[in-house]
file start.txt (compact mmCIF, C-alpha atoms)
# COMPACT_ATOMS: atom_id res chain seq x y z
CA MET A 1 -72.38 -33.52 -10.33
CA ILE A 2 -74.87 -32.55 -7.62
CA CYS A 3 -74.65 -29.47 -5.43
CA SER A 4 -77.01 -27.77 -3.04
CA ASP A 5 -79.00 -24.96 -4.58
CA ALA A 6 -77.29 -22.26 -2.49
CA PHE A 7 -74.16 -22.62 -4.61
CA ILE A 8 -75.56 -22.22 -8.12
CA ALA A 9 -73.89 -18.81 -8.70
CA THR A 10 -70.49 -20.18 -7.70
CA GLY A 11 -70.96 -23.37 -9.69
CA ASP A 12 -71.88 -21.49 -12.86
CA ALA A 13 -68.91 -19.12 -12.39
CA MET A 14 -66.54 -22.07 -11.92
CA ALA A 15 -67.85 -23.63 -15.12
CA ASP A 16 -67.05 -20.38 -16.95
CA VAL A 17 -63.52 -20.24 -15.50
CA GLN A 18 -62.89 -23.85 -16.43
CA GLY A 19 -63.91 -23.19 -20.03
CA ALA A 20 -67.23 -25.01 -19.83
CA PRO A 21 -69.92 -22.31 -19.74
CA GLY A 22 -73.39 -23.77 -19.36
CA TYR A 23 -72.04 -27.00 -17.85
CA ARG A 24 -75.03 -28.94 -16.61
CA TYR A 25 -75.29 -30.25 -13.09
CA LEU A 26 -78.06 -31.19 -10.70
CA THR A 27 -79.11 -29.49 -7.49
CA THR A 28 -80.72 -30.52 -4.23
CA PRO A 29 -82.34 -28.11 -1.78
CA HIS A 30 -80.04 -26.40 0.70
CA PRO A 31 -79.07 -27.23 3.47
CA VAL A 32 -77.52 -30.68 3.40
CA ALA A 33 -74.95 -30.58 6.26
CA GLY A 34 -77.35 -31.26 9.13
CA LEU A 35 -79.42 -34.02 7.54
CA THR A 36 -79.79 -37.44 9.10
CA ALA A 37 -78.80 -40.54 7.15
CA GLU A 38 -82.48 -41.22 6.38
CA GLN A 39 -83.01 -37.67 5.08
CA VAL A 40 -79.95 -38.00 2.86
CA ARG A 41 -81.41 -41.22 1.48
CA GLU A 42 -84.67 -39.39 0.68
CA ARG A 43 -82.71 -36.69 -1.12
CA ALA A 44 -80.86 -39.31 -3.15
CA GLU A 45 -84.08 -41.02 -4.14
CA ALA A 46 -85.58 -37.69 -5.16
CA VAL A 47 -82.74 -36.93 -7.54
CA ALA A 48 -81.98 -40.47 -8.74
CA ASP A 49 -84.10 -40.33 -11.91
CA ALA A 50 -82.52 -37.01 -12.91
CA VAL A 51 -79.04 -38.49 -12.39
CA ALA A 52 -79.92 -41.45 -14.59
CA GLY A 53 -81.37 -39.15 -17.20
CA MET A 54 -78.28 -36.96 -17.30
CA LEU A 55 -75.95 -39.96 -17.51
CA ALA A 56 -77.97 -41.36 -20.40
CA GLN A 57 -77.56 -38.19 -22.47
CA MET B 1 -47.08 19.13 -2.85
CA THR B 2 -49.03 21.43 -5.17
CA ASN B 3 -52.67 21.98 -4.43
CA PRO B 4 -54.45 18.84 -5.61
CA ASP B 5 -57.52 19.10 -7.80
CA PRO B 6 -60.37 17.53 -5.79
CA ASP B 7 -62.63 17.26 -8.83
CA ALA B 8 -59.99 15.33 -10.77
CA ALA B 9 -59.43 13.11 -7.74
CA ARG B 10 -63.14 12.46 -7.48
CA ASP B 11 -63.33 11.54 -11.17
CA ALA B 12 -60.43 9.10 -10.79
CA ILE B 13 -62.00 7.52 -7.71
CA GLU B 14 -65.33 7.12 -9.48
CA TYR B 15 -63.50 5.55 -12.43
CA CYS B 16 -62.15 2.90 -10.04
CA TYR B 17 -65.68 2.23 -8.77
CA GLU B 18 -66.95 1.82 -12.33
CA LYS B 19 -64.18 -0.68 -13.02
CA GLY B 20 -65.22 -2.73 -9.99
CA TRP B 21 -61.85 -2.37 -8.28
CA THR B 22 -63.03 -1.22 -4.85
CA ASP B 23 -64.19 -2.98 -1.71
CA GLY B 24 -66.97 -0.43 -1.31
CA LEU B 25 -64.79 2.33 0.08
CA PRO B 26 -62.94 4.80 -2.17
CA VAL B 27 -59.50 3.66 -3.36
CA VAL B 28 -56.41 5.67 -4.20
CA PRO B 29 -56.04 5.68 -8.02
CA ALA B 30 -52.83 3.85 -8.88
CA THR B 31 -50.55 5.63 -11.34
CA GLU B 32 -47.57 3.85 -12.87
CA ALA B 33 -45.20 6.27 -11.14
CA LEU B 34 -46.72 5.54 -7.74
CA VAL B 35 -46.66 1.78 -8.32
CA GLU B 36 -42.96 2.09 -9.21
CA GLN B 37 -42.31 3.76 -5.85
CA PHE B 38 -43.83 0.74 -4.14
CA LEU B 39 -41.85 -1.74 -6.24
CA ALA B 40 -38.65 0.14 -5.33
CA GLN B 41 -39.21 -0.91 -1.71
CA THR B 42 -38.47 -4.57 -2.46
CA THR B 43 -35.80 -6.60 -4.23
CA ARG B 44 -38.47 -9.02 -5.41
CA ALA B 45 -39.12 -8.99 -9.14
CA PRO B 46 -42.43 -7.41 -10.24
CA ASP B 47 -43.37 -10.54 -12.18
CA GLU B 48 -42.74 -12.92 -9.26
CA VAL B 49 -45.90 -14.89 -8.63
CA LEU B 50 -46.92 -14.55 -4.99
CA TRP B 51 -49.61 -17.16 -5.24
CA ARG B 52 -51.54 -19.05 -7.87
CA MET B 53 -55.07 -20.41 -7.48
CA ASP B 54 -55.08 -23.20 -10.01
CA HIS B 55 -58.80 -23.90 -9.75
CA LEU B 56 -59.56 -20.28 -10.68
CA ASP B 57 -56.69 -20.10 -13.19
CA ARG B 58 -55.58 -16.85 -11.59
CA GLU B 59 -52.42 -15.62 -9.91
CA CYS B 60 -51.20 -12.52 -8.12
CA THR B 61 -47.73 -11.11 -8.82
CA VAL B 62 -45.64 -8.64 -6.83
CA HIS B 63 -46.68 -6.00 -9.38
CA THR B 64 -50.38 -6.73 -8.86
CA ALA B 65 -49.83 -6.59 -5.10
CA ALA B 66 -48.19 -3.18 -5.47
CA ILE B 67 -51.14 -1.81 -7.45
CA ASN B 68 -53.56 -3.00 -4.79
CA ALA B 69 -51.40 -1.70 -1.95
CA VAL B 70 -51.51 1.72 -3.63
CA MET B 71 -55.27 1.50 -3.98
CA ALA B 72 -55.63 0.43 -0.33
CA GLY B 73 -54.03 3.69 0.75
CA CYS B 74 -50.67 2.30 1.84
CA LEU B 75 -47.49 4.37 1.82
CA PRO B 76 -44.67 2.87 -0.27
CA GLU B 77 -42.71 1.87 2.84
CA TYR B 78 -45.60 -0.36 3.97
CA PHE B 79 -45.19 -2.54 0.88
CA PRO B 80 -42.61 -4.98 2.33
CA ILE B 81 -45.07 -5.57 5.21
CA VAL B 82 -47.89 -6.26 2.75
CA LEU B 83 -45.70 -8.84 0.99
CA ALA B 84 -44.64 -10.42 4.29
CA ALA B 85 -48.24 -10.49 5.50
CA TRP B 86 -49.34 -12.26 2.34
CA ASP B 87 -46.53 -14.81 2.65
CA ALA B 88 -47.38 -15.31 6.34
CA VAL B 89 -51.09 -15.89 5.83
CA MET B 90 -50.42 -18.28 2.95
CA ARG B 91 -48.50 -20.52 5.37
CA ASP B 92 -51.88 -21.10 7.02
CA ARG B 93 -53.24 -24.46 5.96
CA ALA B 94 -56.76 -23.10 5.58
CA ALA B 95 -55.67 -20.20 3.34
CA LYS B 96 -53.98 -22.69 1.01
CA GLY B 97 -57.02 -24.96 1.09
CA GLY B 98 -59.74 -22.65 -0.15
CA GLY B 99 -60.31 -20.65 3.04
CA TRP B 100 -60.49 -17.38 1.12
CA GLN B 101 -63.68 -18.61 -0.53
CA SER B 102 -65.20 -20.19 2.58
CA THR B 103 -68.74 -19.51 3.75
CA SER B 104 -67.07 -18.55 7.04
CA GLY B 105 -65.57 -15.45 5.43
CA PRO B 106 -62.48 -15.55 7.66
CA ALA B 107 -60.43 -12.44 8.42
CA PRO B 108 -56.64 -12.33 8.35
CA LEU B 109 -55.17 -11.38 11.73
CA ILE B 110 -51.88 -9.57 11.11
CA VAL B 111 -49.45 -9.08 14.02
CA ILE B 112 -46.27 -7.05 13.54
CA ASN B 113 -43.15 -7.30 15.69
CA GLY B 114 -39.94 -5.30 15.76
CA PRO B 115 -38.75 -1.70 15.64
CA ILE B 116 -40.58 -1.11 12.35
CA ARG B 117 -43.70 -0.57 14.49
CA GLY B 118 -42.30 2.69 15.82
CA GLU B 119 -40.64 3.70 12.56
CA LEU B 120 -43.89 3.50 10.58
CA GLY B 121 -46.35 4.49 13.30
CA ILE B 122 -48.00 1.09 13.58
CA ASN B 123 -50.34 1.15 16.56
CA SER B 124 -49.71 -1.49 19.21
CA THR B 125 -51.36 0.16 22.22
CA GLY B 126 -54.71 1.86 22.67
CA GLY B 127 -57.37 0.96 20.10
CA ILE B 128 -55.62 -1.86 18.25
CA PHE B 129 -58.96 -3.14 16.98
CA ALA B 130 -60.26 0.37 16.34
CA ALA B 131 -59.55 2.80 13.51
CA GLY B 132 -57.21 5.76 13.44
CA PHE B 133 -53.83 4.55 12.22
CA ARG B 134 -52.88 4.45 8.56
CA PRO B 135 -50.67 1.31 8.45
CA ASN B 136 -53.07 -0.63 10.68
CA ALA B 137 -55.97 0.26 8.38
CA THR B 138 -54.37 -0.01 4.95
CA ILE B 139 -52.07 -3.06 5.17
CA PRO B 140 -54.91 -5.56 5.76
CA ARG B 141 -57.06 -3.73 3.22
CA ALA B 142 -54.32 -4.34 0.64
CA LEU B 143 -54.70 -8.09 1.18
CA GLY B 144 -58.44 -7.82 0.66
CA LEU B 145 -57.99 -5.90 -2.59
CA MET B 146 -55.38 -8.43 -3.78
CA LEU B 147 -57.94 -11.16 -3.24
CA ARG B 148 -60.60 -9.20 -5.07
CA ASN B 149 -58.59 -7.78 -7.96
CA GLY B 150 -55.73 -10.27 -8.20
CA PHE B 151 -57.70 -13.48 -7.90
CA GLY B 152 -61.19 -12.27 -8.79
CA VAL B 153 -62.69 -13.55 -5.55
CA LEU B 154 -65.77 -11.32 -5.50
CA PRO B 155 -68.70 -11.42 -3.06
CA HIS B 156 -71.70 -13.57 -4.04
CA VAL B 157 -69.68 -15.53 -6.63
CA PHE B 158 -66.28 -16.99 -5.72
CA ASP B 159 -66.43 -15.38 -2.28
CA GLN B 160 -69.17 -17.47 -0.71
CA THR B 161 -69.17 -15.75 2.68
CA THR B 162 -72.43 -16.28 4.56
CA GLN B 163 -72.05 -13.32 6.95
CA GLY B 164 -68.33 -12.79 7.44
CA ILE B 165 -66.39 -11.20 10.23
CA PRO B 166 -66.76 -7.53 11.27
CA GLY B 167 -63.66 -5.68 10.16
CA ARG B 168 -62.60 -8.51 7.90
CA TRP B 169 -59.90 -6.45 6.17
CA ALA B 170 -58.97 -4.25 9.10
CA ILE B 171 -57.31 -6.46 11.73
CA CYS B 172 -53.64 -5.51 11.90
CA PHE B 173 -51.58 -4.23 14.81
CA GLY B 174 -48.17 -4.28 16.42
CA GLU B 175 -47.49 -6.40 19.46
CA ASN B 176 -47.04 -4.21 22.53
CA GLU B 177 -43.55 -5.57 23.16
CA GLU B 178 -42.69 -2.68 25.47
CA GLU B 179 -45.37 -3.62 28.01
CA SER B 180 -45.48 -7.36 27.46
CA PRO B 181 -43.88 -9.49 30.16
CA TRP B 182 -43.25 -12.25 27.63
CA GLU B 183 -41.08 -12.76 24.55
CA PRO B 184 -42.45 -11.27 21.31
CA LEU B 185 -44.53 -13.53 19.09
CA ALA B 186 -41.86 -13.51 16.36
CA VAL B 187 -39.21 -14.62 18.87
CA GLU B 188 -41.49 -17.35 20.23
CA THR B 189 -41.80 -18.66 16.67
CA GLY B 190 -38.05 -18.76 16.12
CA LEU B 191 -36.81 -15.39 14.85
CA GLU B 192 -34.04 -13.35 16.45
CA PRO B 193 -34.96 -10.68 19.02
CA GLY B 194 -35.37 -7.32 17.33
CA ALA B 195 -36.42 -8.79 14.00
CA ASN B 196 -39.08 -6.99 11.99
CA ALA B 197 -41.63 -9.69 11.31
CA VAL B 198 -45.24 -10.47 10.52
CA SER B 199 -47.37 -13.31 11.88
CA CYS B 200 -50.71 -13.98 10.26
CA THR B 201 -53.55 -16.45 10.36
CA LEU B 202 -57.17 -16.59 9.24
CA THR B 203 -59.61 -15.96 12.07
CA ARG B 204 -63.28 -15.90 12.92
CA THR B 205 -64.95 -14.34 15.97
CA TYR B 206 -63.43 -11.74 18.26
CA GLU B 207 -64.92 -11.63 21.78
CA PHE B 208 -63.80 -9.48 24.67
CA VAL B 209 -63.10 -10.70 28.18
CA ASP B 210 -63.48 -7.80 30.62
CA ASN B 211 -62.13 -8.89 33.98
CA ARG B 212 -61.07 -6.16 36.40
CA HIS B 213 -62.59 -8.20 39.19
CA THR B 214 -59.90 -10.50 40.49
CA GLN B 215 -56.18 -10.67 41.14
CA ASP B 216 -56.26 -14.44 41.24
CA SER B 217 -54.69 -15.91 38.09
CA GLU B 218 -56.78 -19.08 38.31
CA GLN B 219 -60.01 -17.07 38.41
CA LEU B 220 -58.83 -14.87 35.55
CA LEU B 221 -57.93 -17.83 33.34
CA SER B 222 -61.27 -19.45 34.21
CA ASP B 223 -63.03 -16.38 32.84
CA PHE B 224 -61.10 -16.76 29.57
CA ALA B 225 -61.79 -20.49 29.50
CA ASP B 226 -65.54 -19.84 29.63
CA THR B 227 -65.39 -17.80 26.40
CA LEU B 228 -62.89 -20.18 24.79
CA SER B 229 -65.15 -23.15 25.61
CA ARG B 230 -68.38 -21.99 24.03
CA THR B 231 -70.07 -24.57 21.83
CA GLY B 232 -71.17 -22.21 19.05
CA SER B 233 -67.73 -22.11 17.48
CA LEU B 234 -67.27 -25.87 17.35
CA ILE B 235 -67.33 -27.43 13.92
CA PHE B 236 -64.90 -30.31 14.14
CA ARG B 237 -63.07 -32.03 16.94
CA GLY B 238 -59.92 -30.04 17.52
CA GLU B 239 -60.08 -26.29 17.89
CA SER B 240 -57.64 -23.47 17.67
CA ALA B 241 -58.23 -20.19 19.45
CA GLY B 242 -56.02 -17.47 20.79
CA VAL B 243 -55.96 -14.51 23.11
CA VAL B 244 -54.78 -10.97 22.55
CA PHE B 245 -54.00 -10.18 26.16
CA CYS B 246 -54.00 -6.57 27.27
CA PRO B 247 -50.81 -5.64 29.16
CA GLU B 248 -52.60 -5.69 32.53
CA HIS B 249 -53.84 -9.26 32.18
CA ALA B 250 -50.51 -10.45 30.79
CA GLN B 251 -48.57 -8.80 33.59
CA MET B 252 -50.90 -10.26 36.19
CA LEU B 253 -50.35 -13.77 34.86
CA SER B 254 -46.63 -13.22 34.56
CA GLY B 255 -46.59 -11.84 38.10
CA ALA B 256 -48.12 -15.11 39.25
CA GLY B 257 -45.12 -16.86 37.74
CA MET B 258 -46.74 -17.98 34.49
CA SER B 259 -44.94 -18.01 31.16
CA LYS B 260 -46.81 -17.99 27.87
CA ALA B 261 -46.32 -21.75 27.72
CA ASP B 262 -47.80 -22.11 31.22
CA VAL B 263 -50.90 -20.18 30.16
CA LYS B 264 -51.27 -22.37 27.08
CA ASP B 265 -50.92 -25.53 29.17
CA TRP B 266 -53.60 -24.26 31.57
CA PHE B 267 -55.96 -23.70 28.63
CA ILE B 268 -55.20 -27.14 27.20
CA ALA B 269 -56.25 -28.69 30.50
CA HIS B 270 -59.32 -26.54 31.17
CA VAL B 271 -60.87 -25.45 27.84
CA GLY B 272 -63.54 -27.85 26.68
CA ARG B 273 -67.02 -29.08 27.52
CA ILE B 274 -68.64 -32.08 29.12
CA GLU B 275 -70.71 -34.46 27.03
CA ALA B 276 -74.02 -33.15 28.43
CA ASP B 277 -73.20 -29.62 27.22
CA LEU B 278 -72.21 -30.84 23.76
CA ARG B 279 -75.32 -32.97 23.49
CA ARG B 280 -77.55 -30.08 24.51
CA ALA B 281 -76.11 -28.14 21.54
CA GLY B 282 -76.41 -31.09 19.15
CA LYS B 283 -72.64 -31.39 18.88
CA ASP B 284 -71.85 -34.52 20.86
CA GLY B 285 -70.85 -36.23 17.63
CA ILE B 286 -67.71 -34.12 17.82
CA SER B 287 -66.54 -35.74 21.03
CA ASP B 288 -66.89 -39.27 19.74
CA SER B 289 -66.24 -39.49 16.05
CA GLY B 290 -62.96 -37.76 15.54
CA PRO B 291 -62.04 -35.13 12.99
CA GLY B 292 -64.71 -34.25 10.49
CA ALA B 293 -67.70 -35.16 12.60
CA ARG B 294 -70.25 -32.39 12.58
CA SER B 295 -73.68 -33.95 13.07
CA ALA B 296 -75.45 -34.76 16.29
CA SER B 297 -75.36 -38.36 17.39
CA GLU B 298 -78.56 -40.37 17.30
CA ALA B 299 -77.94 -41.91 20.71
CA GLU B 300 -75.88 -41.17 23.80
CA ARG B 301 -72.28 -42.08 23.11
CA ALA B 302 -70.50 -41.21 26.34
CA PRO B 303 -71.38 -40.57 29.99
CA ALA B 304 -72.82 -37.09 30.56
CA ASP B 305 -69.80 -35.91 32.57
CA THR B 306 -67.15 -36.98 30.03
CA PHE B 307 -64.90 -33.98 29.40
CA THR B 308 -63.82 -33.22 25.85
CA PRO B 309 -60.82 -30.85 25.69
CA TYR B 310 -60.75 -28.57 22.66
CA PHE B 311 -57.00 -28.07 22.24
CA SER B 312 -54.48 -30.74 21.35
CA GLY B 313 -51.32 -28.72 22.02
CA ARG B 314 -49.69 -25.33 22.49
CA LYS B 315 -49.65 -24.84 18.72
CA ASP B 316 -53.44 -24.40 18.85
CA ILE B 317 -53.31 -21.36 21.14
CA PRO B 318 -51.59 -18.25 19.76
CA ILE B 319 -51.01 -15.60 22.41
CA VAL B 320 -50.26 -11.95 21.67
CA VAL B 321 -49.98 -8.93 23.98
CA ALA B 322 -51.39 -5.67 22.65
CA GLY B 323 -53.54 -2.74 23.63
CA ALA B 324 -53.36 -0.06 26.28
CA ARG B 325 -52.58 -0.62 29.94
CA ASN B 326 -55.57 1.46 31.04
CA ALA B 327 -58.03 -1.39 31.68
CA ALA B 328 -58.12 -5.15 32.08
CA ILE B 329 -59.84 -5.91 28.77
CA SER B 330 -58.53 -8.62 26.45
CA MET B 331 -59.77 -10.30 23.29
CA VAL B 332 -60.38 -13.95 22.50
CA PHE B 333 -60.23 -14.85 18.82
CA ARG B 334 -61.04 -18.01 16.99
CA VAL B 335 -58.53 -19.37 14.47
CA PHE B 336 -60.35 -20.43 11.31
CA GLY B 337 -58.09 -23.37 10.44
CA GLU B 338 -54.58 -23.94 11.61
CA TRP B 339 -52.04 -21.22 12.31
CA SER B 340 -48.57 -22.01 10.94
CA ASN B 341 -46.87 -21.03 14.23
CA THR B 342 -44.28 -19.16 12.19
CA SER B 343 -43.45 -15.54 11.48
CA VAL B 344 -42.14 -13.99 8.26
CA GLU B 345 -39.29 -11.51 8.41
CA ILE B 346 -40.03 -8.17 6.75
CA GLU B 347 -37.57 -7.35 4.01
CA ALA B 348 -35.56 -4.19 4.63
CA ALA B 349 -36.04 -1.62 1.91
CA PRO B 350 -33.20 -1.59 -0.67
CA VAL B 351 -30.63 1.14 -0.02
CA ALA B 352 -31.59 3.08 -3.16
CA ALA B 353 -35.20 3.21 -1.99
CA VAL B 354 -34.17 4.51 1.42
CA LYS B 355 -31.98 7.19 -0.14
CA GLY B 356 -34.64 8.10 -2.65
CA GLY B 357 -37.54 7.97 -0.26
call {"tool": "encode", "arguments": {"input": "start.txt", "output": "structure tokens"}}
result
Amino acid sequence: MICSDAFIATGDAMADVQGAPGYRYLTTPHPVAGLTAEQVRERAEAVADAVAGMLAQ
Amino acid sequence: MTNPDPDAARDAIEYCYEKGWTDGLPVVPATEALVEQFLAQTTRAPDEVLWRMDHLDRECTVHTAAINAVMAGCLPEYFPIVLAAWDAVMRDRAAKGGGWQSTSGPAPLIVINGPIRGELGINSTGGIFAAGFRPNATIPRALGLMLRNGFGVLPHVFDQTTQGIPGRWAICFGENEEESPWEPLAVETGLEPGANAVSCTLTRTYEFVDNRHTQDSEQLLSDFADTLSRTGSLIFRGESAGVVFCPEHAQMLSGAGMSKADVKDWFIAHVGRIEADLRRAGKDGISDSGPGARSASEAERAPADTFTPYFSGRKDIPIVVAGARNAAISMVFRVFGEWSNTSVEIEAAPVAAVKGG
């Protein structure tokens, strides 16, 4: 799971409610909504290695 | 009433603060006896679940609602309105879909129709958006406390509001049926004339339109259309926005032969922006890409003078008449999601409660 870094408090609280405290997820800098397609691609490339690393665990 | 002990009251209020039960203002400490008085105002069972938020694994019962209505400062006889208001707002698609946790921080708009307005002193005339009337102030506050204490939607965590709406838990008034030229909102939405009812939707901005300048209905509606058409409120294609007309504006339009439906049809035809305006604001993607589009287009997609209407039908434009008849000042409000276009009848208090109360 990837969320923008403005929502870390909510994400952590949701993990607690769902019985998974400390659930690990990745973040990307906020904001995301106004990005162009090219900027979204750059974000994806920036986080790709971390995604692969988390999936491999 | 015996002389209350202010020090004991203060201690009880501070206890509620320490428990995290308040919205920042003092609450009325809820005793079991007082909560029972509220529950006696309804035939609904205390353990009836009003709503459940599965993703938070939390629910709010009638009993929890009663506790929070007490804390909000309601009188027991307001409790059926609190329950009806909750039911009414939860018919709103956005409220069911996570709107309570939205970054928009939408405010419930609660409109009350029927003789209960006079019986309980619910303000429907001067100062409907201002303070000064107990039911107007405490009924919406009860909903806010239910959200906080019933569902645990607290600021900075599950309540993700970026800035919110001024008076988020304070927008509740009666329709000024006595000075409205049109049928009451509850009748428009299908209830019998004279019914006590609540209509409610989640809203965003409130902006006044002060027009004491013309007696021409076309000019007056054009002034409203300018505010209704601003680009700042656009997120998706398809908007919903309403007007709380003051009696003077409503009577002027009615005097020109316009029904509520006529006013809505005029807005459907005239509220919107041309492509050049949308592009200047980076929102021309909205006019072209259908629902969900929210980013600016990379290239011109339509001729500069292409008009994009905001409203798709009368259902998108709630109209209420309220306020004093002392000036031609009305209020435009923006619906957060989609109003249900229905009203909820307020349950009459059980006979025993009336006798006892």
call {"tool": "interface_residues", "arguments": {"input": "start.txt", "of": "chain A", "to": "chain B", "cutoff": "12 Å", "atoms": "only C-alpha atoms", "output": "list in words"}}
result
Ala6, Phe7, Ile8, Ala9, Thr10, Gly11, Asp12, Ala13, Met14, Ala15, Asp16, Val17, Gln18, Gly19, Val32, Ala33, Gly34, Leu35, Thr36, Ala37 and Glu38 of chain A
call {"tool": "residues_around", "arguments": {"input": "start.txt", "residues": "Pro29 of chain A", "least_positions_apart": "6", "cutoff": "9 Å", "atoms": "all atoms listed in the file", "output": "PyMOL selection string"}}
result
chain A and resi 3-6+43
call {"tool": "closest_residue", "arguments": {"input": "start.txt", "among": "B:Pro350, B:Asn136, B:Ile13, B:Gly121", "to": "Phe38 of chain B", "atoms": "all atoms listed in the file"}}
result
B:Pro350
call {"tool": "atom_distance", "arguments": {"input": "start.txt", "atom1": "atom CA of Leu145 of chain B", "atom2": "atom CA of Thr342 of chain B"}}
result
24.1 Å
call {"tool": "atom_distance", "arguments": {"input": "start.txt", "atom1": "atom CA of Thr42 of chain B", "atom2": "atom CA of Glu77 of chain B"}}
result
9.4 Å
call {"tool": "atom_distance", "arguments": {"input": "start.txt", "atom1": "atom CA of Val243 of chain B", "atom2": "atom CA of Ala72 of chain B"}}
result
27.8 Å
call {"tool": "residues_around", "arguments": {"input": "start.txt", "residues": "Met54 of chain A", "least_positions_apart": "2", "cutoff": "9 Å", "atoms": "all atoms listed in the file", "output": "number ranges by chain"}}
result
A: 24-26, 49-52, 56-57
call {"tool": "closest_residue", "arguments": {"input": "start.txt", "among": "B:Thr22, B:Gln163, B:Thr308, B:Asn113", "to": "Pro193 of chain B", "atoms": "only C-alpha atoms"}}
result
B:Asn113
call {"tool": "closest_residue", "arguments": {"input": "start.txt", "among": "B:Cys246, B:Leu228, B:Ile235, B:Ala66", "to": "Val332 of chain B", "atoms": "all atoms listed in the file"}}
result
B:Leu228
call {"tool": "closest_residue", "arguments": {"input": "start.txt", "among": "B:Ile67, B:Met331, B:Ala276, B:Val153", "to": "Thr306 of chain B", "atoms": "only C-alpha atoms"}}
result
B:Ala276
call {"tool": "closest_residue", "arguments": {"input": "start.txt", "among": "B:Pro108, B:Gly20, B:Gly99, B:Pro318", "to": "Ala241 of chain B", "atoms": "only C-alpha atoms"}}
result
B:Pro318
call {"tool": "residues_near_point", "arguments": {"input": "start.txt", "point": "(-45.3, 4.5, -3.8)", "cutoff": "7 Å", "atoms": "all atoms listed in the file", "output": "ChimeraX atom specification"}}
result
/B:34-38,70,75-76
call {"tool": "closest_residue", "arguments": {"input": "start.txt", "among": "B:Thr103, B:Asn123, B:Ala186, B:Ala85", "to": "Pro140 of chain B", "atoms": "only C-alpha atoms"}}
result
B:Ala85
call {"tool": "decode", "arguments": {"input": "start.txt", "residues": "segment 200-214 of chain B", "atoms": "N, CA and C atoms", "output": "short mmCIF file (atom, residue, chain, number, x, y, z; two decimals), in the first residue's frame"}}
result
data_model
loop_
_atom_site.label_atom_id
_atom_site.label_comp_id
_atom_site.auth_asym_id
_atom_site.auth_seq_id
_atom_site.Cartn_x
_atom_site.Cartn_y
_atom_site.Cartn_z
N CYS B 200 -31.92 17.38 5.56
CA CYS B 200 -30.52 17.58 5.93
C CYS B 200 -29.61 17.10 4.82
N THR B 201 -28.55 17.86 4.60
CA THR B 201 -27.51 17.43 3.66
C THR B 201 -26.17 17.97 4.14
N LEU B 202 -25.10 17.39 3.65
CA LEU B 202 -23.76 17.91 3.97
C LEU B 202 -23.44 19.05 3.02
N THR B 203 -22.87 20.12 3.57
CA THR B 203 -22.61 21.32 2.78
C THR B 203 -21.19 21.83 2.97
N ARG B 204 -20.82 22.69 2.01
CA ARG B 204 -19.54 23.40 2.14
C ARG B 204 -19.82 24.89 2.28
N THR B 205 -19.31 25.72 1.38
CA THR B 205 -19.34 27.17 1.64
C THR B 205 -20.72 27.79 1.75
N TYR B 206 -20.79 28.85 2.51
CA TYR B 206 -21.98 29.70 2.60
C TYR B 206 -21.57 31.11 2.20
N GLU B 207 -22.23 31.66 1.16
CA GLU B 207 -21.86 32.98 0.65
C GLU B 207 -23.11 33.84 0.46
N PHE B 208 -23.08 35.03 0.99
CA PHE B 208 -24.27 35.88 0.88
C PHE B 208 -24.40 36.51 -0.50
N VAL B 209 -25.63 36.77 -0.88
CA VAL B 209 -25.93 37.59 -2.05
C VAL B 209 -26.80 38.74 -1.54
N ASP B 210 -26.22 39.93 -1.52
CA ASP B 210 -26.93 41.12 -1.03
C ASP B 210 -27.38 41.90 -2.25
N ASN B 211 -28.66 41.82 -2.56
CA ASN B 211 -29.17 42.56 -3.73
C ASN B 211 -30.47 43.26 -3.36
N ARG B 212 -30.29 44.55 -3.02
CA ARG B 212 -31.45 45.43 -2.76
C ARG B 212 -31.52 46.44 -3.89
N HIS B 213 -30.97 46.06 -5.04
CA HIS B 213 -30.68 47.02 -6.09
C HIS B 213 -31.63 46.96 -7.27
N THR B 214 -32.38 45.87 -7.37
CA THR B 214 -33.22 45.74 -8.56
C THR B 214 -34.56 45.11 -8.21
#
